[in-house]
Structures are given as structure tokens and as C-alpha cells.
Amino acid sequence: MSSLKGVTIIVFALFVGALASNSFDVIRDCKQYYGLVDYNGPVKYFPTANLQHVRCTVRSKVFKFAVLGPSDGHLRFGISQFPYDNNVMEIAIGGWRNTKSAGRRQYRTADNRYTNYPLGEIQTPNLLSPFHPVMFVLEVFYEGRVELRIDGQPQPFLSFQDSSRIPANYMSFNKWDRDLIFFYDCPF
């Protein structure tokens with residue numbers, strides 16, 4: 001009888017443990033982007049065609065990723081793996097010390113000088129956290145619209161239009177001056 005009581009307690013403990021929510025569960029099965037360089041460092045782009053968890057529709061590509069850190073995460077995407085002397089799209093997430101987010105077209109030269117063309121900006125106080133990852137969904141429309149939302153929310157908090165219609169064939173992440181971790185290719 002006491003062994004039955006012990007088994008019941010163990011099964012109950014496992015059941016309760018399975019129900020407990022851990023804020024890091026959102027990054028399960030995501031890839032981790034390491035080697036994050038600062039804003040002006042040599043950014044390494046990876047092909048989005050090799051990602052397993054990209055939703056492709058007739059109108060867009062959809063990506064799911066998370067950021068863990070205090071502020072100033074940057075996501076860039078473009079047409080080639082080495083987009084120097086070309087335009088890329090850049091999204092600043094929790095920028096300006098975690099007070100706002102912005103979308104912009106960026107032209108970066110081979111000697112790493114850049115020009116940013118603002119396309120959208122919004123106040124996002126305390127969007128990022130150094131204590132738990134924040135999951136985002138990025139949708140890049142083929143006609144040039146870009147939308148960013150927090151996973152689970154139906155409306156984007158940042159949306160902008162770019163007439164150059166830069167495709168998300170290659171992607172990269174970097175930081176401003178604070179250490180961050182990006183998790184990408186997350187399952188839907």
C-alpha cells in the first residue's frame with residue numbers, strides 16, 4: 001500500500017511539474033545565434049532558405065525569433081550573404097535603452113560606413129528583458145511591407161512600408177553595446 005502511495009505522489013509531482021510554466025520554454029527547439037558583434041562589427045548573414053521553421057505564404061515570409069537581453073537588439077535582412085554596397089532592412093528592437101523600436105533601410109559600404117533611412121518608429125518602453133526571452137514574429141511581405149509583433153498578439157506593434165522591397169533571403173543579428181542572445185528558427 002505504501003508503494004502505491006509513493007507512486008501516486010511521484011505521478012502527481014510529475015503532472016504538476018509539467019503544468020508549471022517556465023519563461024524559457026518559448027525558446028525550445030530554437031537555434032541560438034552566438035558571436036553577436038556590436039553595431040559596426042562585421043555581421044555574419046545566414047541563408048533563410050536553410051531554416052526549418054519559416055512560414056511562406058503567397059504574400060510573405062514569416063519568421064519567429066526571441067531576444068534575451070536588456071536593450072538594443074538589431075535584426076538585419078537582405079538579398080545576399082555579403083550585402084555591402086547594397087541596401088538591407090534593419091529593425092532595432094528595444095533600442096535607445098529599451099524605449100523604442102524602429103524599422104529602417106540601411107546602406108552599408110564595404111568599408112563599413114552606413115546611412116540609415118527611417119521607415120517606422122514607435123515607443124516600446126521595457127520591451128526587452130534580461131531575465132526572460134521575448135518571442136517575436138516577423139512578417140516580410142513581398143510588396144514591401146514589414147510587420148513585427150510579439151508572439152501571441154494579433155496586431156503588429158511595428159509596421160512600415162519600403163518601396164525597395166528588400167527580400168529576407170539572408171538574415172543576421174547584432175547588438176548596440178549590451179550583450180544579448182538571439183534565438184531564431186523557432187517553431188510555430
# chains A, B, ... in the order shown; residues from 1 in each chain; ligands from 1

call {"tool": "closest_atom_pairs", "arguments": {"of": "region 104-187 of chain A", "to": "region 78-90 of chain A", "cutoff": "12 Å", "atoms": "only C-alpha atoms", "output": "CSV"}}
result
residue,atom,partner,partner_atom,distance
A:Arg104,CA,A:Glu90,CA,5.4
A:Arg105,CA,A:Met89,CA,4.7
A:Gln106,CA,A:Val88,CA,5.3
A:Tyr107,CA,A:Asn87,CA,4.5
A:Arg108,CA,A:Tyr84,CA,5.5
A:Thr109,CA,A:Asp85,CA,4.5
A:Ala110,CA,A:Tyr84,CA,5.1
A:Asp111,CA,A:Tyr84,CA,8.5
A:Asn112,CA,A:Tyr84,CA,7.8
A:Arg113,CA,A:Asp85,CA,9.6
A:Tyr114,CA,A:Asp85,CA,9.3
A:Thr115,CA,A:Asn87,CA,9.5
A:Asn116,CA,A:Glu90,CA,8.7
A:Tyr117,CA,A:Met89,CA,9.6
A:Pro118,CA,A:Glu90,CA,9.6
A:Leu119,CA,A:Met89,CA,9.8
A:Gly120,CA,A:Glu90,CA,10.8
A:Glu121,CA,A:Glu90,CA,11.8
A:Leu138,CA,A:Glu90,CA,12.0
A:Val140,CA,A:Met89,CA,10.2
A:Gly144,CA,A:Met89,CA,10.4
A:Arg145,CA,A:Met89,CA,11.1
A:Val146,CA,A:Met89,CA,9.4
A:Leu148,CA,A:Glu90,CA,11.9
A:Phe160,CA,A:Met89,CA,11.0
A:Gln161,CA,A:Met89,CA,10.9
A:Asp162,CA,A:Met89,CA,8.9
A:Ser163,CA,A:Met89,CA,11.5
A:Ser164,CA,A:Asn87,CA,8.7
A:Arg165,CA,A:Met89,CA,9.2
A:Ile166,CA,A:Gly78,CA,5.9
A:Pro167,CA,A:Ile79,CA,5.6
A:Ala168,CA,A:Gly78,CA,5.3
A:Asn169,CA,A:Ile79,CA,5.2
A:Tyr170,CA,A:Gly78,CA,5.4
A:Met171,CA,A:Gly78,CA,6.6
A:Ser172,CA,A:Gly78,CA,9.1
A:Phe173,CA,A:Glu90,CA,9.4
A:Asn174,CA,A:Glu90,CA,10.2
A:Lys175,CA,A:Glu90,CA,11.8

call {"tool": "select_by_dssp", "arguments": {"residues": "region 5-164 of chain A", "states": "helix (DSSP H, G or I)", "output": "list of chain:residue names"}}
result
A:Lys5, A:Gly6, A:Val7, A:Thr8, A:Ile9, A:Ile10, A:Val11, A:Phe12, A:Ala13, A:Leu14, A:Phe15, A:Val16, A:Gly17, A:Ala18, A:Leu19, A:Ser23, A:Phe24, A:Asp25, A:Val26, A:Ile27, A:Thr48, A:Ala49, A:Asn50, A:Gly95, A:Trp96, A:Arg97, A:Asn98

call {"tool": "write_last_selection", "arguments": {"atoms": "N, CA and C atoms", "output": "PDB file, in the first residue's frame"}}
result
ATOM      1  N   LYS A   5       1.137   4.549  -2.646  1.00  0.00           N
ATOM      2  CA  LYS A   5       1.096   5.937  -2.220  1.00  0.00           C
ATOM      3  C   LYS A   5       2.311   6.684  -2.787  1.00  0.00           C
ATOM      4  N   GLY A   6       3.473   6.055  -2.767  1.00  0.00           N
ATOM      5  CA  GLY A   6       4.700   6.667  -3.298  1.00  0.00           C
ATOM      6  C   GLY A   6       4.600   6.912  -4.793  1.00  0.00           C
ATOM      7  N   VAL A   7       4.058   5.922  -5.536  1.00  0.00           N
ATOM      8  CA  VAL A   7       3.884   6.071  -6.980  1.00  0.00           C
ATOM      9  C   VAL A   7       2.899   7.193  -7.270  1.00  0.00           C
ATOM     10  N   THR A   8       1.821   7.274  -6.499  1.00  0.00           N
ATOM     11  CA  THR A   8       0.824   8.330  -6.688  1.00  0.00           C
ATOM     12  C   THR A   8       1.451   9.705  -6.479  1.00  0.00           C
ATOM     13  N   ILE A   9       2.286   9.837  -5.468  1.00  0.00           N
ATOM     14  CA  ILE A   9       2.932  11.119  -5.191  1.00  0.00           C
ATOM     15  C   ILE A   9       3.882  11.485  -6.323  1.00  0.00           C
ATOM     16  N   ILE A  10       4.638  10.525  -6.834  1.00  0.00           N
ATOM     17  CA  ILE A  10       5.578  10.793  -7.918  1.00  0.00           C
ATOM     18  C   ILE A  10       4.829  11.195  -9.187  1.00  0.00           C
ATOM     19  N   VAL A  11       3.754  10.491  -9.519  1.00  0.00           N
ATOM     20  CA  VAL A  11       2.961  10.813 -10.701  1.00  0.00           C
ATOM     21  C   VAL A  11       2.351  12.201 -10.559  1.00  0.00           C
ATOM     22  N   PHE A  12       1.828  12.533  -9.391  1.00  0.00           N
ATOM     23  CA  PHE A  12       1.240  13.848  -9.150  1.00  0.00           C
ATOM     24  C   PHE A  12       2.307  14.938  -9.291  1.00  0.00           C
ATOM     25  N   ALA A  13       3.496  14.697  -8.746  1.00  0.00           N
ATOM     26  CA  ALA A  13       4.583  15.675  -8.825  1.00  0.00           C
ATOM     27  C   ALA A  13       5.001  15.903 -10.275  1.00  0.00           C
ATOM     28  N   LEU A  14       5.083  14.849 -11.061  1.00  0.00           N
ATOM     29  CA  LEU A  14       5.429  14.992 -12.467  1.00  0.00           C
ATOM     30  C   LEU A  14       4.354  15.751 -13.228  1.00  0.00           C
ATOM     31  N   PHE A  15       3.082  15.489 -12.918  1.00  0.00           N
ATOM     32  CA  PHE A  15       1.965  16.173 -13.567  1.00  0.00           C
ATOM     33  C   PHE A  15       1.994  17.666 -13.243  1.00  0.00           C
ATOM     34  N   VAL A  16       2.187  18.007 -11.986  1.00  0.00           N
ATOM     35  CA  VAL A  16       2.247  19.410 -11.582  1.00  0.00           C
ATOM     36  C   VAL A  16       3.469  20.076 -12.216  1.00  0.00           C
ATOM     37  N   GLY A  17       4.590  19.376 -12.249  1.00  0.00           N
ATOM     38  CA  GLY A  17       5.797  19.913 -12.875  1.00  0.00           C
ATOM     39  C   GLY A  17       5.594  20.175 -14.358  1.00  0.00           C
ATOM     40  N   ALA A  18       4.836  19.322 -15.023  1.00  0.00           N
ATOM     41  CA  ALA A  18       4.568  19.505 -16.445  1.00  0.00           C
ATOM     42  C   ALA A  18       3.681  20.719 -16.683  1.00  0.00           C
ATOM     43  N   LEU A  19       2.817  21.039 -15.735  1.00  0.00           N
ATOM     44  CA  LEU A  19       1.941  22.195 -15.882  1.00  0.00           C
ATOM     45  C   LEU A  19       2.648  23.511 -15.565  1.00  0.00           C
ATOM     46  N   SER A  23       9.498  30.523 -18.290  1.00  0.00           N
ATOM     47  CA  SER A  23       9.566  31.555 -19.326  1.00  0.00           C
ATOM     48  C   SER A  23      10.565  31.213 -20.433  1.00  0.00           C
ATOM     49  N   PHE A  24      11.451  30.247 -20.182  1.00  0.00           N
ATOM     50  CA  PHE A  24      12.408  29.840 -21.205  1.00  0.00           C
ATOM     51  C   PHE A  24      11.848  28.738 -22.112  1.00  0.00           C
ATOM     52  N   ASP A  25      10.648  28.236 -21.813  1.00  0.00           N
ATOM     53  CA  ASP A  25      10.035  27.235 -22.680  1.00  0.00           C
ATOM     54  C   ASP A  25       9.780  27.769 -24.086  1.00  0.00           C
ATOM     55  N   VAL A  26       9.622  29.079 -24.231  1.00  0.00           N
ATOM     56  CA  VAL A  26       9.331  29.652 -25.539  1.00  0.00           C
ATOM     57  C   VAL A  26      10.460  29.446 -26.539  1.00  0.00           C
ATOM     58  N   ILE A  27      11.679  29.203 -26.054  1.00  0.00           N
ATOM     59  CA  ILE A  27      12.811  29.037 -26.978  1.00  0.00           C
ATOM     60  C   ILE A  27      13.148  27.575 -27.255  1.00  0.00           C
ATOM     61  N   THR A  48      18.215  32.256 -45.167  1.00  0.00           N
ATOM     62  CA  THR A  48      16.921  31.882 -44.578  1.00  0.00           C
ATOM     63  C   THR A  48      16.326  30.662 -45.285  1.00  0.00           C
ATOM     64  N   ALA A  49      16.817  30.335 -46.474  1.00  0.00           N
ATOM     65  CA  ALA A  49      16.331  29.144 -47.184  1.00  0.00           C
ATOM     66  C   ALA A  49      16.677  27.871 -46.421  1.00  0.00           C
ATOM     67  N   ASN A  50      17.705  27.921 -45.568  1.00  0.00           N
ATOM     68  CA  ASN A  50      18.112  26.750 -44.792  1.00  0.00           C
ATOM     69  C   ASN A  50      17.359  26.603 -43.480  1.00  0.00           C
ATOM     70  N   GLY A  95      15.392  49.493 -28.798  1.00  0.00           N
ATOM     71  CA  GLY A  95      16.527  50.387 -28.946  1.00  0.00           C
ATOM     72  C   GLY A  95      16.442  51.595 -28.032  1.00  0.00           C
ATOM     73  N   TRP A  96      17.463  52.413 -28.120  1.00  0.00           N
ATOM     74  CA  TRP A  96      17.510  53.637 -27.330  1.00  0.00           C
ATOM     75  C   TRP A  96      17.272  53.327 -25.855  1.00  0.00           C
ATOM     76  N   ARG A  97      18.054  52.337 -25.378  1.00  0.00           N
ATOM     77  CA  ARG A  97      17.979  51.889 -23.974  1.00  0.00           C
ATOM     78  C   ARG A  97      16.603  51.356 -23.615  1.00  0.00           C
ATOM     79  N   ASN A  98      16.045  50.554 -24.547  1.00  0.00           N
ATOM     80  CA  ASN A  98      14.770  49.842 -24.336  1.00  0.00           C
ATOM     81  C   ASN A  98      13.586  50.793 -24.219  1.00  0.00           C
TER      82      ASN A  98
END

call {"tool": "atom_distance", "arguments": {"atom1": "CA of Ile150 (chain A)", "atom2": "CA of Lys44 (chain A)"}}
result
25.1 Å

call {"tool": "select_by_dssp", "arguments": {"residues": "chain A", "states": "strand (DSSP E or B)", "output": "number ranges by chain"}}
result
A: 31-33, 46-47, 55-56, 60-68, 73-78, 86-94, 100-108, 114-123, 134-141, 145-150, 158-161, 170-175, 181-184

call {"tool": "residues_around", "arguments": {"residues": "Arg149 (chain A)", "least_positions_apart": "6", "cutoff": "12 Å", "atoms": "only C-alpha atoms", "output": "PyMOL selection string"}}
result
chain A and resi 62-66+93+101+124+127+134-140+155-159

call {"tool": "residues_around", "arguments": {"residues": "Trp176 (chain A)", "least_positions_apart": "2", "cutoff": "10 Å", "atoms": "only C-alpha atoms", "output": "list in words"}}
result
Leu36, Val37, Asp38, Tyr39, Asn40, Gly41, Ser71, Asp72, Gly73, His74, Ala92, Gly95, Trp96, Arg97, Asn174, Arg178, Asp179 and Leu180 of chain A

call {"tool": "residues_around", "arguments": {"residues": "Lys31 (chain A)", "least_positions_apart": "2", "cutoff": "6 Å", "atoms": "only C-alpha atoms", "output": "PyMOL selection string"}}
result
chain A and resi 183-185

call {"tool": "residues_around", "arguments": {"residues": "Val58 (chain A)", "least_positions_apart": "2", "cutoff": "10 Å", "atoms": "only C-alpha atoms", "output": "list in words"}}
result
Cys56, Ser60, Lys61, Phe141 and Tyr142 of chain A
